[in-house]
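The next block holds one structure in the form of structure tokens; read it before the comments.
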Amino acid sequence: MNRLRFMEEELSRRRESRRLRKLRRVTPVDGAYVEVDGKRLLNVCSNDYLGLAHHPLLVKRAAEFMERYGAGSTASRLVCGNYGCFEDVERKLAQLKKTEAALLLPTGYQANATLLPAICDRNSLILSDRLNHNSIISGCALARCTVMIFEHNDTGHLEKLLAQNRNKGFSRIVIVT
């Protein structure tokens with residue numbers, strides 16, 4: 001008996017339905033373009049929406065930072081301590097955005113997964129769009145409160161859920177899209 005047959009069967013199903021994902025070799029050409037299989041392509045999935053990843057000043061500053069602080073990651077700032085350079089950047093961002101404070105997080109995924117548990121308590125209700133990114137879904141789970149899903153971009157369904165739950169004693173209702 002093959003104990004891993006279920007995996008082989010699932011892989012086969014995915015191959016047949018063209019849903020088997022694999023890593024593709026990509027060579028960066030410049031900030032916005034990559035080369036794949038000898039073809040130059042516009043990279044629209046880089047998360048570099050502002051095109052800053054190759055900005056000369058940012059590359060220079062990143063190199064200076066690595067020279068001073070190293071390239072390895074450490075435990076969280078709460079555990080290892082907070083570098084003054086992070087505080088400086090957060091202060092400058094807060095001033096730029098005219099907000100009370102700012103907090104640097106390593107990725108957009110981390111920001112989404114962190115925000116909901118930070119602003120919700122066990123008595124909160126989160127109303128979440130059905131097609132939200134996995135990072136928001138993770139944040140909903142980590143918040144450990146009641147979560148209800150509304151149909152994608154369906155404000156009518158959202159309004160119905162709000163009306164049904166407005167007076168149920170939730171400490172707050174948070175809508176995430």
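Quick note on naming: the chains in the structure tokens go A, B, ... in the order shown, residues restart at 1 in each chain, and ligands are numbered from 1 in order of appearance.
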
DSSP alpha helix (DSSP H) residues within chain A, listed as a PyMOL selection string: chain A and resi 5-16+56-69+77-80+84-97+108-119+134-143+155-165

Residues within 10 Å of Asn132 in chain A, only C-alpha atoms, excluding chain neighbours under 2 positions, as an MDAnalysis selection string: chainID A and resid 128:130 134:137 149 152 176:177

Write the residues of the preceding selection, restricted to C-alpha atoms, as a tab-separated table (two decimals), in the first residue's frame.
```tsv
chain	number	residue	atom	x	y	z
A	128	SER	CA	-14.96	40.92	5.31
A	129	ASP	CA	-15.27	40.92	1.52
A	130	ARG	CA	-15.41	37.37	0.15
A	134	ASN	CA	-5.21	35.90	2.23
A	135	SER	CA	-3.33	38.37	4.43
A	136	ILE	CA	-6.63	39.95	5.48
A	137	ILE	CA	-8.21	36.52	6.00
A	149	ILE	CA	-18.31	37.40	4.94
A	152	HIS	CA	-17.58	40.68	-3.24
A	176	VAL	CA	-12.47	45.17	5.55
A	177	THR	CA	-12.30	45.18	1.76
```

Selected residue of minimal separation from Ala118 in chain A among A:His157, A:His55, A:Lys97, A:Arg144, counting only C-alpha atoms: A:Arg144

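You will find CA of Leu93 in chain A at 15.0 Å from CA of Pro106 in chain A.
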
Distance criterion (only C-alpha atoms): nearest to Ser124 in chain A out of A:Ala141, A:Leu57, A:Val147, A:Leu78: A:Val147

Among listed residues A:Asp30, A:Glu67, A:Asp121, A:Glu151, nearest Leu52 in chain A (using only C-alpha atoms):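 Closest to Leu52 in chain A, using only C-alpha atoms: A:Asp30.
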
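Among A:Thr107, A:Asn2, A:Ser12, A:Thr146, the residue with the shortest atom-to-atom distance to Asn47 in chain A, counting only C-alpha atoms, is A:Thr107.
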
Spatial neighbours of Leu127 in chain A, max dist 8 Å, only C-alpha atoms, sep filter under 6 positions, as a VMD selection string: chain A and resid 147 to 150 158 161 173 to 176

Which of range 9-139 of chain A DSSP labels strand (DSSP E or B), written as a ChimeraX atom specification: /A:27-28,33-36,39-42,125-129

Using the selection just defined, write its residues with N, CA and C atoms as a PDB file, in the first residue's frame.
```pdb
ATOM      1  N   THR A  27      14.487  36.718 -14.969  1.00  0.00           N
ATOM      2  CA  THR A  27      15.702  37.523 -14.878  1.00  0.00           C
ATOM      3  C   THR A  27      15.321  38.995 -14.922  1.00  0.00           C
ATOM      4  N   PRO A  28      15.674  39.762 -13.883  1.00  0.00           N
ATOM      5  CA  PRO A  28      15.361  41.193 -13.919  1.00  0.00           C
ATOM      6  C   PRO A  28      16.114  41.880 -15.058  1.00  0.00           C
ATOM      7  N   TYR A  33      10.797  45.703 -15.974  1.00  0.00           N
ATOM      8  CA  TYR A  33      10.771  44.579 -16.909  1.00  0.00           C
ATOM      9  C   TYR A  33      11.590  43.401 -16.402  1.00  0.00           C
ATOM     10  N   VAL A  34      11.143  42.216 -16.834  1.00  0.00           N
ATOM     11  CA  VAL A  34      11.854  40.975 -16.556  1.00  0.00           C
ATOM     12  C   VAL A  34      11.964  40.199 -17.862  1.00  0.00           C
ATOM     13  N   GLU A  35      12.843  39.225 -17.853  1.00  0.00           N
ATOM     14  CA  GLU A  35      12.949  38.337 -19.003  1.00  0.00           C
ATOM     15  C   GLU A  35      12.530  36.943 -18.570  1.00  0.00           C
ATOM     16  N   VAL A  36      11.618  36.350 -19.339  1.00  0.00           N
ATOM     17  CA  VAL A  36      11.132  34.997 -19.076  1.00  0.00           C
ATOM     18  C   VAL A  36      11.211  34.217 -20.381  1.00  0.00           C
ATOM     19  N   LYS A  39      11.955  36.203 -23.443  1.00  0.00           N
ATOM     20  CA  LYS A  39      11.049  37.297 -23.802  1.00  0.00           C
ATOM     21  C   LYS A  39      11.092  38.378 -22.738  1.00  0.00           C
ATOM     22  N   ARG A  40      11.127  39.633 -23.198  1.00  0.00           N
ATOM     23  CA  ARG A  40      11.091  40.773 -22.280  1.00  0.00           C
ATOM     24  C   ARG A  40       9.627  41.068 -21.958  1.00  0.00           C
ATOM     25  N   LEU A  41       9.291  41.071 -20.656  1.00  0.00           N
ATOM     26  CA  LEU A  41       7.907  41.256 -20.228  1.00  0.00           C
ATOM     27  C   LEU A  41       7.812  42.346 -19.174  1.00  0.00           C
ATOM     28  N   LEU A  42       6.705  43.066 -19.193  1.00  0.00           N
ATOM     29  CA  LEU A  42       6.418  44.045 -18.153  1.00  0.00           C
ATOM     30  C   LEU A  42       6.017  43.288 -16.894  1.00  0.00           C
ATOM     31  N   LEU A 125     -16.891  42.535  15.708  1.00  0.00           N
ATOM     32  CA  LEU A 125     -17.408  41.869  14.515  1.00  0.00           C
ATOM     33  C   LEU A 125     -16.632  42.411  13.327  1.00  0.00           C
ATOM     34  N   ILE A 126     -16.077  41.505  12.533  1.00  0.00           N
ATOM     35  CA  ILE A 126     -15.414  41.893  11.291  1.00  0.00           C
ATOM     36  C   ILE A 126     -16.310  41.464  10.139  1.00  0.00           C
ATOM     37  N   LEU A 127     -16.621  42.406   9.258  1.00  0.00           N
ATOM     38  CA  LEU A 127     -17.340  42.116   8.023  1.00  0.00           C
ATOM     39  C   LEU A 127     -16.311  42.186   6.901  1.00  0.00           C
ATOM     40  N   SER A 128     -16.071  41.050   6.259  1.00  0.00           N
ATOM     41  CA  SER A 128     -14.961  40.922   5.315  1.00  0.00           C
ATOM     42  C   SER A 128     -15.463  40.548   3.924  1.00  0.00           C
ATOM     43  N   ASP A 129     -14.939  41.218   2.913  1.00  0.00           N
ATOM     44  CA  ASP A 129     -15.271  40.925   1.518  1.00  0.00           C
ATOM     45  C   ASP A 129     -14.838  39.495   1.179  1.00  0.00           C
TER      46      ASP A 129
END
```

Test item: residues at most 12 Å from Glu10 in chain A, only C-alpha atoms, excluding those fewer than 6 positions along its chain, as a PyMOL selection string: chain A and resi 4+16-17+19-20
